[in-house]
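Working notes for the structure below.
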4 protein chains.
Amino acid sequence: MIKVGICGFGYWGPNLLRTFGKNHGFQVVAIADRLPAARAAAAETPQLRLFESAEEMIDDASIDAVAIATPVSTHFPLARRALAKAKHVLVEKPMCTTSAEGEELIALARANGRVLMVDHTYLFHGAVTKLAELKQEGSLGAISYYDSLRVNLGLFQPDMNVLWDLAPHDLSIIDFLFDEEPVHVEATGYCHLNPGLPDIAYVTLHFASRMIAHLNLSWMSPVKVRRIAIGGSSKMVVWDDLDQDEKLKIYNSGIDVQPEDQRGTIVPSYRIGDIYSPRLPNSEPLVRVVEHFHRVIAGREESVMSGERGLRVVRQLEAAQRAIAAGLARNTVHGIAPALRVAR
Amino acid sequence: MIKVGICGFGYWGPNLLRTFGKNHGFQVVAIADRLPAARAAAAETPQLRLFESAEEMIDDASIDAVAIATPVSTHFPLARRALAKAKHVLVEKPMCTTSAEGEELIALARANGRVLMVDHTYLFHGAVTKLAELKQEGSLGAISYYDSLRVNLGLFQPDMNVLWDLAPHDLSIIDFLFDEEPVHVEATGYCHLNPGLPDIAYVTLHFASRMIAHLNLSWMSPVKVRRIAIGGSSKMVVWDDLDQDEKLKIYNSGIDVQPEDQRGTIVPSYRIGDIYSPRLPNSEPLVRVVEHFHRVIAGREESVMSGERGLRVVRQLEAAQRAIAAGLARNTVHGIAPALRVAR
Amino acid sequence: MIKVGICGFGYWGPNLLRTFGKNHGFQVVAIADRLPAARAAAAETPQLRLFESAEEMIDDASIDAVAIATPVSTHFPLARRALAKAKHVLVEKPMCTTSAEGEELIALARANGRVLMVDHTYLFHGAVTKLAELKQEGSLGAISYYDSLRVNLGLFQPDMNVLWDLAPHDLSIIDFLFDEEPVHVEATGYCHLNPGLPDIAYVTLHFASRMIAHLNLSWMSPVKVRRIAIGGSSKMVVWDDLDQDEKLKIYNSGIDVQPEDQRGTIVPSYRIGDIYSPRLPNSEPLVRVVEHFHRVIAGREESVMSGERGLRVVRQLEAAQRAIAAGLARNTVHGIAPALRVAR
Amino acid sequence: MIKVGICGFGYWGPNLLRTFGKNHGFQVVAIADRLPAARAAAAETPQLRLFESAEEMIDDASIDAVAIATPVSTHFPLARRALAKAKHVLVEKPMCTTSAEGEELIALARANGRVLMVDHTYLFHGAVTKLAELKQEGSLGAISYYDSLRVNLGLFQPDMNVLWDLAPHDLSIIDFLFDEEPVHVEATGYCHLNPGLPDIAYVTLHFASRMIAHLNLSWMSPVKVRRIAIGGSSKMVVWDDLDQDEKLKIYNSGIDVQPEDQRGTIVPSYRIGDIYSPRLPNSEPLVRVVEHFHRVIAGREESVMSGERGLRVVRQLEAAQRAIAAGLARNTVHGIAPALRVAR
């Protein structure tokens with residue numbers, strides 16, 4: 001039985017408590033939160049030790065593993081402390097705020113023989129599981145594009161911009177499905193509400209495999225949309241995560257490339273075919289994350305959300321952030337926007 | 001009665017014939033098309049003179065005005081010839097393929113006192129009429145963004161890329177609604193089917209008013225989508241052009257900016273309100289274009305789709321094309337893409 | 001080449017003209033309509049003889065076949081006249097207004113060796129073709145129900161009620177797919193706008209096969225709905241005719257009946273499975289009706305929309321009409337409704 | 001502080017515990033359930049007395065009020081016992097299984113001066129609150145119809161048929177909104193899975209106000225639908241309870257009745273207008289039910305879900321059940337169905 005301490009009992013902490021609580025390989029023994037109200041909420045569950053200081057809880061000898069669900073800026077110091085004390089770590093996404101931090105965490109985990117895992121929950125979503133199957137069996141063909149529309153009326157957070165809030169979902173999914181890092185990252189955006197905190201961001205990733213990925217991220221949309229389209233040469237897929245009955249639609253449609261005609265151009269012809277919406281497993285993704293964490297600790301599985309994977313995502317966020325900052329600086333020259341605050 | 005000759009009787013020509021035919025101010029007297037099959041189709045309508053050569057038709061003294069619905073590369077020479085012969089011109093979008101061509105056409109029209117109009121049909125779509133009303137009366141508030149998803153399984157054309165095919169719709173709508181030229185144009189894309197002919201393009205426009213516009217254009221989508229979201233500080237709008245019953249939804253939702261809190265950041269609060277879907281006039285946009293053409297010729301109205309407006313659109317297309325070409329060249333360095341053919 | 005005369009050139013007549021015109025086995029030679037405006041519209045097509053009197057056209061020796069698209073009350077006299085003169089007849093639905101009329105038409109057709117066919121166009125709709133395939137191959141299992149929601153803001157016609165306007169579609173589809181006549185017909189409804197002309201009707205049909213069919217018909221709905229659900233023991237189907245992309249959805253869902261448990265009741269268990277939306281052929285149904293008419297005349301095919309089939313539909317309409325009339329009479333006793341006018 | 005005991009801790013009991021627990025006027029002190037597993041679940045909440053026997057709990061002197069969430073057949077005996085002991089009662093719908101039972105409960109409540117309330121939760125749904133407002137202010141005009149499609153893949157229960165399971169929702173809503181009892185109830189249906197337990201039912205209610213109501217109820221649908229359309233002479237409404245963003249759509253559409261024309265019939269003309277989707281309050285209905293229960297006990301409010309209201313619903317269920325039974329008996333004569341078991 002692995003004894004777990006949870007850092008942070010705000011929005012996500014209670015989900016971690018409930019989910020670790022249902023797994024027979026773990027026992028949640030402690031929770032840390034600075035806020036008295038959060039500790040009072042945690043106190044409703046019997047037999048938990050409560051800490052005001054996350055550091056103190058991490059240092060406690062009875063704790064084998066730490067789950068970190070605190071604000072992003074604290075991910076790195078808390079994860080570092082826990083790994084240094086030889087505790088396993090499951091940290092919420094994004095893993096940290098710079099790639100240098102990420103590299104340090106990975107090195108620490110390796111040096112101390114402990115597991116460092118980033119909670120990219122979506123990787124255990126039924127739709128991603130199905131997409132991975134389709135990719136694996138080759139039924140999509142060569143992938144042309146990944147196109148994500150991920151917008152809503154945002155929950156602005158003072159230390160987070162829309163890029164670091166929403167892009168990790170897509171970046172971790174792309175990394176998992178296609179196992180390829182982009183050769184070039186473009187990004188642009190704008191800050192309407194808070195100077196220096198983009199609330200709209202557009203990110204385009206170019207891959208050596210000829211795939212292009214595009215993310216349309218916004219906190220300024222009156223309707224929530226979670227729509228991802230993936231185009232392959234054999235099949236195309238649309239994943240609408242808000243559709244209760246048919247989240248995934250697989251289009252037996254595509255473009256057949258014909259031999260060149262006399263004008264020297266390729267003449268494509270279209271197939272518009274059947275649409276198939278597979279029933280997805282409805283197991284809760286976080287339950288599968290916790291099971292995966294257990295098997296990785298036990299050495300029975302390699303992690304799909306390892307520190308190395310988390311670092312790749314952070315590197316791409318950094319590249320996109322740099323591009324957005326450059327664009328905002330250029331806009332400032334045009335007199336239409338303030339400089340980007342160093343904030344995520 | 002203004003006597004009209006139509007150049008090109010392929011996809012759009014028959015619509016022009018039908019629509020000019022219903023307008024009492026015009027009489028279609030001639031049609032020109034190189035293809036015998038097209039002329040045969042035109043011959044079903046009685047009392048039309050048929051020409052193989054558009055130039056010959058344009059030169060005919062009996063013609064007062066010319067409607068040009070031929071491939072894009074011929075727009076400029078045909079329009080120039082017609083204006084030089086002092087005929088009024090209605091040319092399909094895009095007006096021409098370079099801004100230099102556009103400037104020459106405008107100068108010619110002015111010198112000869114003739115009307116040069118670009119058929120940006122969408123400007124007379126009921127949804128755009130309603131949006132213009134909302135903008136006019138100020139009920140949207142300050143505009144933050146215009147976001148267009150305009151994708152389908154494309155009709156590849158050897159002399160056209162997805163940018164020049166689909167972007168003119170959005171660019172002309174933005175120009176009409178907000179009457180503002182962008183200070184900076186970004187664009188990126190990829191050529192999956194035909195080397196040098198982008199089939200996916202992402203365009204971002206930055207405006208001095210702090211508006212950002214983004215176009216997601218694709219010929220590679222298994223489903224057709226025409227979804228435009230416009231965000232204002234007071235109201236937000238989603239225009240789904242494929243929704244038969246509720247094309248336009250106006251969200252009485254927005255973001256109220258609160259006084260800064262102690263952390264030095266702006267704290268937004270959300271209003272999620274009623275949704276209102278106005279009944280749109282269902283008059284056919286092309287009918288209204290032809291009526292407008294008549295009133296502009298008669299000097300009773302200034303054109304909303306003048307040569308100057310068409311030129312602005314071409315300038316933005318050029319800027320986007322340059323950005324896409326630069327990106328594809330950079331990708332080529334990475335070894336993942338061919339150089340962009342000079343083609344639209 | 002079979003020479004055709006069309007009776008009635010209002011809403012449907014032009015479709016008949018266009019469709020017969022494209023079929024190489026037929027030639028439309030004449031059109032009859034009482035209204036000068038309708039004849040003027042017909043005169044736009046060259047080489048047609050125009051008649052004010054349908055009877056005169058029918059009697060003309062040059063006519064081999066007649067298509068009848070006049071008001072329902074005239075279907076019987078016109079079809080009878082044509083059959084008596086040994087012309088083939090394609091009559092719009094419903095075939096006539098009483099089963100006695102229907103029997104007379106069938107007898108006449110047989111006596112004169114001519115084809116009597118009712119234009120139940122939906123039988124050649126791609127969705128019905130696909131449903132027939134599914135039924136044929138047994139993949140739906142035993143059918144439990146057919147449930148139709150067919151409502152819109154109605155086009156009231158002074159000689160037609162909602163039952164005779166909308167029910168023929170469903171009744172002909174049921175008859176075609178399941179080839180079974182109901183053993184009992186229930187119906188009820190109400191007249192809100194015109195006393196004696198129901199504008200809302202609910203029809204329930206009971207079949208010996210244990211299938212139940214239900215039709216919800218209304219002219220009083222603010223939104224148009226065309227939604228038919230068919231439940232089989234193996235698969236269930238929803239046909240939404242207004243969905244452009246996925247008209248037919250086949251649910252691999254059902255109810256498995258388990259052995260009885262100790263409480264003496266059957267315990268069903270549910271399968272919720274994949275959803276499959278087949279691409280439907282997009283050939284125009286009326287084109288296929290006309291082709292079918294030709295093959296039936298040529299003796300190469302038995303008709304799926306024969307007079308006998310049309311009669312079955314009329315019989316069910318009569319039974320439903322009687323039930324609605326009885327209900328309205330009972331309501332009158334309650335003081336809430338006028339008696340049903342003998343009108344359809 | 002009113003002390004509450006909850007009978008039944010299966011599906012609904014935990015919701016009652018949670019909701020009564022949040023109301024400061026009530027304190028849940030005891031829970032009764034025959035099943036050890038249910039009592040074990042209840043034991044997770046501290047300070048609750050647990051009973052195996054609901055009767056014993058009801059008799060306990062410390063209990064002031066009883067909430068009954070047991071199988072329908074036990075509603076009557078438990079509610080009667082509680083009222084006889086002068087406890088307030090909130091009973092799940094349907095209140096009981098016969099109108100005689102309902103009358104006895106009402107009489108007992110009156111005799112003992114206690115509150116008898118039926119948990120018709122939907123009456124406190126935001127959509128019903130909005131509909132009541134529209135009705136109150138007269139903006140719908142004269143009501144023509146109420147049309148409900150309430151279908152899903154059912155949870156078959158051995159002592160319940162689809163009528164008693166699903167119809168109480170619509171019947172209580174109709175009674176609440178229009179405050180009118182039907183003058184005639186028609187119903188038909190079929191038993192596919194369990195002989196004698198209808199799994200599909202169609203109910204039509206006729207009202208003296210000229211309104212017609214129709215319920216399409218099924219446990220055999222592969223997709224869940226909760227769609228209610230209400231037609232008024234001024235506005236029409238569609239309530240789609242599964243639409244997350246726009247549950248209620250108000251159509252400014254209708255039918256204007258013109259003066260009679262020469263043919264002696266009314267000529268309606270159509271208005272198709274704007275569509276308006278009001279933001280609904282998102283307070284939880286059950287919370288409002290419990291608040292209402294408290295105010296009714298305190299004598300500060302008359303109940304909208306009194307025993308008398310519950311009895312009206314039961315009377316209509318009885319009438320519909322009789323009609324369905326008669327139809328099934330008639331079908332049996334046709335050899336197609338078993339007799340209806342006396343079961344609900």
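Letters A, B, ... mark the chains of the structure tokens in the order given; residue numbers begin at 1 per chain; ligand numbers begin at 1, in order shown.
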*So which residues of range 7-224 of chain B fall under strand (DSSP E or B) by DSSP, listed as a PyMOL selection string?*
chain B and resi 7+26-32+49-51+65-68+88-92+116-119+143-153+157+160+184-190+194+197+200-206+212-218+220-224
Saved selection, atoms kept: C-alpha atoms, as a PDB file, in the first residue's frame:
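Below is the file part-v4.pdb, written as the result:
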ATOM      1  CA  CYS B   7     -18.120  36.102 -69.638  1.00  0.00           C
ATOM      2  CA  PHE B  26     -30.850  44.874 -67.097  1.00  0.00           C
ATOM      3  CA  GLN B  27     -31.134  42.724 -70.178  1.00  0.00           C
ATOM      4  CA  VAL B  28     -28.668  39.902 -70.757  1.00  0.00           C
ATOM      5  CA  VAL B  29     -27.967  39.978 -74.471  1.00  0.00           C
ATOM      6  CA  ALA B  30     -24.832  37.858 -74.875  1.00  0.00           C
ATOM      7  CA  ILE B  31     -22.799  35.085 -73.288  1.00  0.00           C
ATOM      8  CA  ALA B  32     -19.220  34.112 -74.036  1.00  0.00           C
ATOM      9  CA  ARG B  49     -25.966  36.017 -78.746  1.00  0.00           C
ATOM     10  CA  LEU B  50     -23.263  33.467 -78.087  1.00  0.00           C
ATOM     11  CA  PHE B  51     -19.547  34.157 -78.405  1.00  0.00           C
ATOM     12  CA  ALA B  65     -21.930  46.136 -69.006  1.00  0.00           C
ATOM     13  CA  VAL B  66     -19.980  42.945 -68.476  1.00  0.00           C
ATOM     14  CA  ALA B  67     -20.241  40.315 -65.762  1.00  0.00           C
ATOM     15  CA  ILE B  68     -17.051  38.247 -65.465  1.00  0.00           C
ATOM     16  CA  HIS B  88     -19.431  48.754 -66.488  1.00  0.00           C
ATOM     17  CA  VAL B  89     -17.895  45.684 -64.872  1.00  0.00           C
ATOM     18  CA  LEU B  90     -19.099  43.237 -62.240  1.00  0.00           C
ATOM     19  CA  VAL B  91     -16.281  40.778 -61.620  1.00  0.00           C
ATOM     20  CA  GLU B  92     -16.338  37.671 -59.449  1.00  0.00           C
ATOM     21  CA  LEU B 116     -16.083  48.606 -61.314  1.00  0.00           C
ATOM     22  CA  MET B 117     -17.703  46.275 -58.807  1.00  0.00           C
ATOM     23  CA  VAL B 118     -16.538  43.004 -57.241  1.00  0.00           C
ATOM     24  CA  ASP B 119     -19.170  40.376 -56.541  1.00  0.00           C
ATOM     25  CA  ILE B 143     -15.034  44.118 -30.990  1.00  0.00           C
ATOM     26  CA  SER B 144     -12.348  41.752 -29.677  1.00  0.00           C
ATOM     27  CA  TYR B 145     -12.251  39.102 -32.338  1.00  0.00           C
ATOM     28  CA  TYR B 146     -13.601  37.696 -35.612  1.00  0.00           C
ATOM     29  CA  ASP B 147     -12.986  33.965 -35.837  1.00  0.00           C
ATOM     30  CA  SER B 148     -13.884  31.969 -38.939  1.00  0.00           C
ATOM     31  CA  LEU B 149     -13.854  28.206 -39.466  1.00  0.00           C
ATOM     32  CA  ARG B 150     -14.434  27.724 -43.193  1.00  0.00           C
ATOM     33  CA  VAL B 151     -13.597  24.174 -44.179  1.00  0.00           C
ATOM     34  CA  ASN B 152     -14.867  21.478 -46.530  1.00  0.00           C
ATOM     35  CA  LEU B 153     -13.695  18.668 -48.754  1.00  0.00           C
ATOM     36  CA  GLN B 157      -8.581  23.877 -58.941  1.00  0.00           C
ATOM     37  CA  MET B 160      -6.239  28.407 -57.211  1.00  0.00           C
ATOM     38  CA  HIS B 184      -0.293  43.186 -39.686  1.00  0.00           C
ATOM     39  CA  VAL B 185      -1.124  39.955 -41.506  1.00  0.00           C
ATOM     40  CA  GLU B 186       0.211  36.549 -40.433  1.00  0.00           C
ATOM     41  CA  ALA B 187      -0.435  33.337 -42.306  1.00  0.00           C
ATOM     42  CA  THR B 188       0.772  29.792 -42.440  1.00  0.00           C
ATOM     43  CA  GLY B 189      -0.385  26.624 -44.134  1.00  0.00           C
ATOM     44  CA  TYR B 190       0.565  23.482 -45.921  1.00  0.00           C
ATOM     45  CA  ASN B 194      -0.463  19.580 -54.818  1.00  0.00           C
ATOM     46  CA  LEU B 197      -0.845  24.868 -53.785  1.00  0.00           C
ATOM     47  CA  ILE B 200      -4.864  24.320 -45.567  1.00  0.00           C
ATOM     48  CA  ALA B 201      -4.236  27.924 -44.514  1.00  0.00           C
ATOM     49  CA  TYR B 202      -4.441  29.783 -41.218  1.00  0.00           C
ATOM     50  CA  VAL B 203      -4.562  33.575 -41.428  1.00  0.00           C
ATOM     51  CA  THR B 204      -4.397  36.010 -38.510  1.00  0.00           C
ATOM     52  CA  LEU B 205      -5.034  39.728 -38.922  1.00  0.00           C
ATOM     53  CA  HIS B 206      -4.169  42.354 -36.323  1.00  0.00           C
ATOM     54  CA  ILE B 212      -7.829  40.165 -33.902  1.00  0.00           C
ATOM     55  CA  ALA B 213      -9.233  38.163 -36.823  1.00  0.00           C
ATOM     56  CA  HIS B 214      -8.452  34.544 -37.528  1.00  0.00           C
ATOM     57  CA  LEU B 215      -9.366  32.391 -40.513  1.00  0.00           C
ATOM     58  CA  ASN B 216      -9.083  28.593 -40.499  1.00  0.00           C
ATOM     59  CA  LEU B 217      -9.377  27.608 -44.161  1.00  0.00           C
ATOM     60  CA  SER B 218      -9.245  24.045 -45.420  1.00  0.00           C
ATOM     61  CA  MET B 220      -9.288  18.756 -46.327  1.00  0.00           C
ATOM     62  CA  SER B 221     -12.241  18.505 -43.933  1.00  0.00           C
ATOM     63  CA  PRO B 222     -14.694  15.587 -44.169  1.00  0.00           C
ATOM     64  CA  VAL B 223     -17.510  17.837 -43.002  1.00  0.00           C
ATOM     65  CA  LYS B 224     -18.362  21.243 -44.338  1.00  0.00           C
TER      66      LYS B 224
END
_I need the contact residues of chain D against chain B, so if you could list those with any atom within 12 Å, counting only C-alpha atoms, and return them as an MDAnalysis selection string, that would help._
chainID D and resid 245:253 271:282
For the residues in the current selection, export N, CA and C atoms as a PDB file, in the first residue's frame.
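Saved the output as result_21.pdb:
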ATOM      1  N   ASP D 245     -27.154  24.072 -23.689  1.00  0.00           N
ATOM      2  CA  ASP D 245     -27.049  25.521 -23.804  1.00  0.00           C
ATOM      3  C   ASP D 245     -28.385  26.229 -24.004  1.00  0.00           C
ATOM      4  N   GLU D 246     -29.298  25.555 -24.694  1.00  0.00           N
ATOM      5  CA  GLU D 246     -30.546  26.223 -25.055  1.00  0.00           C
ATOM      6  C   GLU D 246     -31.723  25.295 -24.809  1.00  0.00           C
ATOM      7  N   LYS D 247     -32.009  25.050 -23.536  1.00  0.00           N
ATOM      8  CA  LYS D 247     -33.092  24.115 -23.223  1.00  0.00           C
ATOM      9  C   LYS D 247     -34.429  24.606 -23.749  1.00  0.00           C
ATOM     10  N   LEU D 248     -34.668  25.895 -23.637  1.00  0.00           N
ATOM     11  CA  LEU D 248     -35.967  26.432 -24.002  1.00  0.00           C
ATOM     12  C   LEU D 248     -35.807  27.356 -25.194  1.00  0.00           C
ATOM     13  N   LYS D 249     -36.559  27.103 -26.241  1.00  0.00           N
ATOM     14  CA  LYS D 249     -36.566  28.034 -27.363  1.00  0.00           C
ATOM     15  C   LYS D 249     -37.979  28.546 -27.555  1.00  0.00           C
ATOM     16  N   ILE D 250     -38.104  29.850 -27.579  1.00  0.00           N
ATOM     17  CA  ILE D 250     -39.408  30.479 -27.723  1.00  0.00           C
ATOM     18  C   ILE D 250     -39.482  31.028 -29.139  1.00  0.00           C
ATOM     19  N   TYR D 251     -40.445  30.519 -29.888  1.00  0.00           N
ATOM     20  CA  TYR D 251     -40.583  30.914 -31.285  1.00  0.00           C
ATOM     21  C   TYR D 251     -41.630  32.006 -31.396  1.00  0.00           C
ATOM     22  N   ASN D 252     -41.218  33.113 -31.916  1.00  0.00           N
ATOM     23  CA  ASN D 252     -42.154  34.197 -32.143  1.00  0.00           C
ATOM     24  C   ASN D 252     -42.889  33.901 -33.452  1.00  0.00           C
ATOM     25  N   SER D 253     -43.409  32.696 -33.519  1.00  0.00           N
ATOM     26  CA  SER D 253     -44.067  32.212 -34.732  1.00  0.00           C
ATOM     27  C   SER D 253     -45.479  31.824 -34.356  1.00  0.00           C
ATOM     28  N   ARG D 271     -46.790  33.375 -39.345  1.00  0.00           N
ATOM     29  CA  ARG D 271     -45.706  34.251 -38.940  1.00  0.00           C
ATOM     30  C   ARG D 271     -44.534  33.374 -38.539  1.00  0.00           C
ATOM     31  N   ILE D 272     -43.409  33.543 -39.194  1.00  0.00           N
ATOM     32  CA  ILE D 272     -42.206  32.876 -38.737  1.00  0.00           C
ATOM     33  C   ILE D 272     -41.276  33.969 -38.280  1.00  0.00           C
ATOM     34  N   GLY D 273     -40.988  33.983 -36.989  1.00  0.00           N
ATOM     35  CA  GLY D 273     -40.291  35.136 -36.444  1.00  0.00           C
ATOM     36  C   GLY D 273     -38.993  34.769 -35.773  1.00  0.00           C
ATOM     37  N   ASP D 274     -38.581  35.619 -34.879  1.00  0.00           N
ATOM     38  CA  ASP D 274     -37.334  35.417 -34.164  1.00  0.00           C
ATOM     39  C   ASP D 274     -37.453  34.250 -33.191  1.00  0.00           C
ATOM     40  N   ILE D 275     -36.320  33.749 -32.786  1.00  0.00           N
ATOM     41  CA  ILE D 275     -36.255  32.692 -31.792  1.00  0.00           C
ATOM     42  C   ILE D 275     -35.462  33.238 -30.612  1.00  0.00           C
ATOM     43  N   TYR D 276     -35.939  32.942 -29.438  1.00  0.00           N
ATOM     44  CA  TYR D 276     -35.343  33.518 -28.245  1.00  0.00           C
ATOM     45  C   TYR D 276     -35.131  32.401 -27.242  1.00  0.00           C
ATOM     46  N   SER D 277     -33.925  32.299 -26.732  1.00  0.00           N
ATOM     47  CA  SER D 277     -33.636  31.244 -25.768  1.00  0.00           C
ATOM     48  C   SER D 277     -33.188  31.881 -24.454  1.00  0.00           C
ATOM     49  N   PRO D 278     -34.111  31.964 -23.505  1.00  0.00           N
ATOM     50  CA  PRO D 278     -33.774  32.675 -22.270  1.00  0.00           C
ATOM     51  C   PRO D 278     -32.802  31.865 -21.419  1.00  0.00           C
ATOM     52  N   ARG D 279     -31.938  32.552 -20.725  1.00  0.00           N
ATOM     53  CA  ARG D 279     -31.094  31.886 -19.743  1.00  0.00           C
ATOM     54  C   ARG D 279     -31.984  31.434 -18.590  1.00  0.00           C
ATOM     55  N   LEU D 280     -31.869  30.157 -18.230  1.00  0.00           N
ATOM     56  CA  LEU D 280     -32.704  29.625 -17.141  1.00  0.00           C
ATOM     57  C   LEU D 280     -31.909  29.654 -15.839  1.00  0.00           C
ATOM     58  N   PRO D 281     -32.614  29.874 -14.727  1.00  0.00           N
ATOM     59  CA  PRO D 281     -31.928  29.773 -13.444  1.00  0.00           C
ATOM     60  C   PRO D 281     -31.390  28.359 -13.303  1.00  0.00           C
ATOM     61  N   ASN D 282     -30.187  28.205 -12.785  1.00  0.00           N
ATOM     62  CA  ASN D 282     -29.654  26.849 -12.697  1.00  0.00           C
ATOM     63  C   ASN D 282     -29.654  26.286 -11.279  1.00  0.00           C
TER      64      ASN D 282
END
*asked:* I want to know what sits within 12 Å of Lys22 in chain B, based on only C-alpha atoms, with residues of the same chain fewer than 5 positions away left out; could you give that as a list of chain:residue names?
replied: B:Asn15, B:Leu16, B:Leu17, B:Gln27, B:Val28, B:Glu284, B:Leu286, B:Val287, B:Arg288, B:Val290, B:Glu291
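Using only C-alpha atoms, the residues found no farther than 9 Å from Val128 in chain D, other than those of its own chain fewer than 6 positions away, are D:Tyr122, D:Ile173, D:Leu177.
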Could you dump the residues just selected with all heavy atoms as a short mmCIF file (atom, residue, chain, number, x, y, z; two decimals), in the first residue's frame?
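As a result, again34.cif now contains:
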data_model
loop_
_atom_site.label_atom_id
_atom_site.label_comp_id
_atom_site.auth_asym_id
_atom_site.auth_seq_id
_atom_site.Cartn_x
_atom_site.Cartn_y
_atom_site.Cartn_z
N TYR D 122 -40.03 18.21 -11.30
CA TYR D 122 -39.98 19.04 -12.50
C TYR D 122 -40.65 20.40 -12.34
O TYR D 122 -40.33 21.34 -13.06
CB TYR D 122 -40.62 18.32 -13.68
CG TYR D 122 -39.60 17.59 -14.53
CD1 TYR D 122 -39.51 16.21 -14.49
CD2 TYR D 122 -38.72 18.30 -15.35
CE1 TYR D 122 -38.58 15.54 -15.27
CE2 TYR D 122 -37.79 17.64 -16.12
CZ TYR D 122 -37.72 16.26 -16.08
OH TYR D 122 -36.80 15.61 -16.84
N ILE D 173 -46.79 18.56 -14.91
CA ILE D 173 -46.43 19.84 -15.54
C ILE D 173 -47.66 20.49 -16.18
O ILE D 173 -47.92 21.68 -16.03
CB ILE D 173 -45.31 19.64 -16.59
CG1 ILE D 173 -44.00 19.26 -15.89
CG2 ILE D 173 -45.13 20.88 -17.45
CD1 ILE D 173 -42.92 18.74 -16.83
N LEU D 177 -49.11 24.04 -15.11
CA LEU D 177 -49.08 25.18 -16.03
C LEU D 177 -50.47 25.67 -16.40
O LEU D 177 -50.72 26.86 -16.50
CB LEU D 177 -48.34 24.81 -17.32
CG LEU D 177 -46.82 24.65 -17.27
CD1 LEU D 177 -46.29 24.29 -18.66
CD2 LEU D 177 -46.17 25.95 -16.80
#
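Minimum atom-to-atom distances from D:Phe124, D:Phe20, D:Tyr11, D:Phe76 to Ile106 in chain D were compared using only C-alpha atoms, and the lowest value belongs to D:Phe76.
Residues within 12 Å of Val183 in chain D, counting only C-alpha atoms and excluding same-chain residues fewer than 2 positions away, are Arg330, Asn331, Thr332, Val333, His334, Gly335 and Ile336 of chain C; Glu180, Glu181, Val185, Glu186, Thr204, Leu205, His206, Phe207, Ala208, Ser209, Arg210, Met211, Ile212, Ala213, Arg315, Gln316 and Ala319 of chain D.
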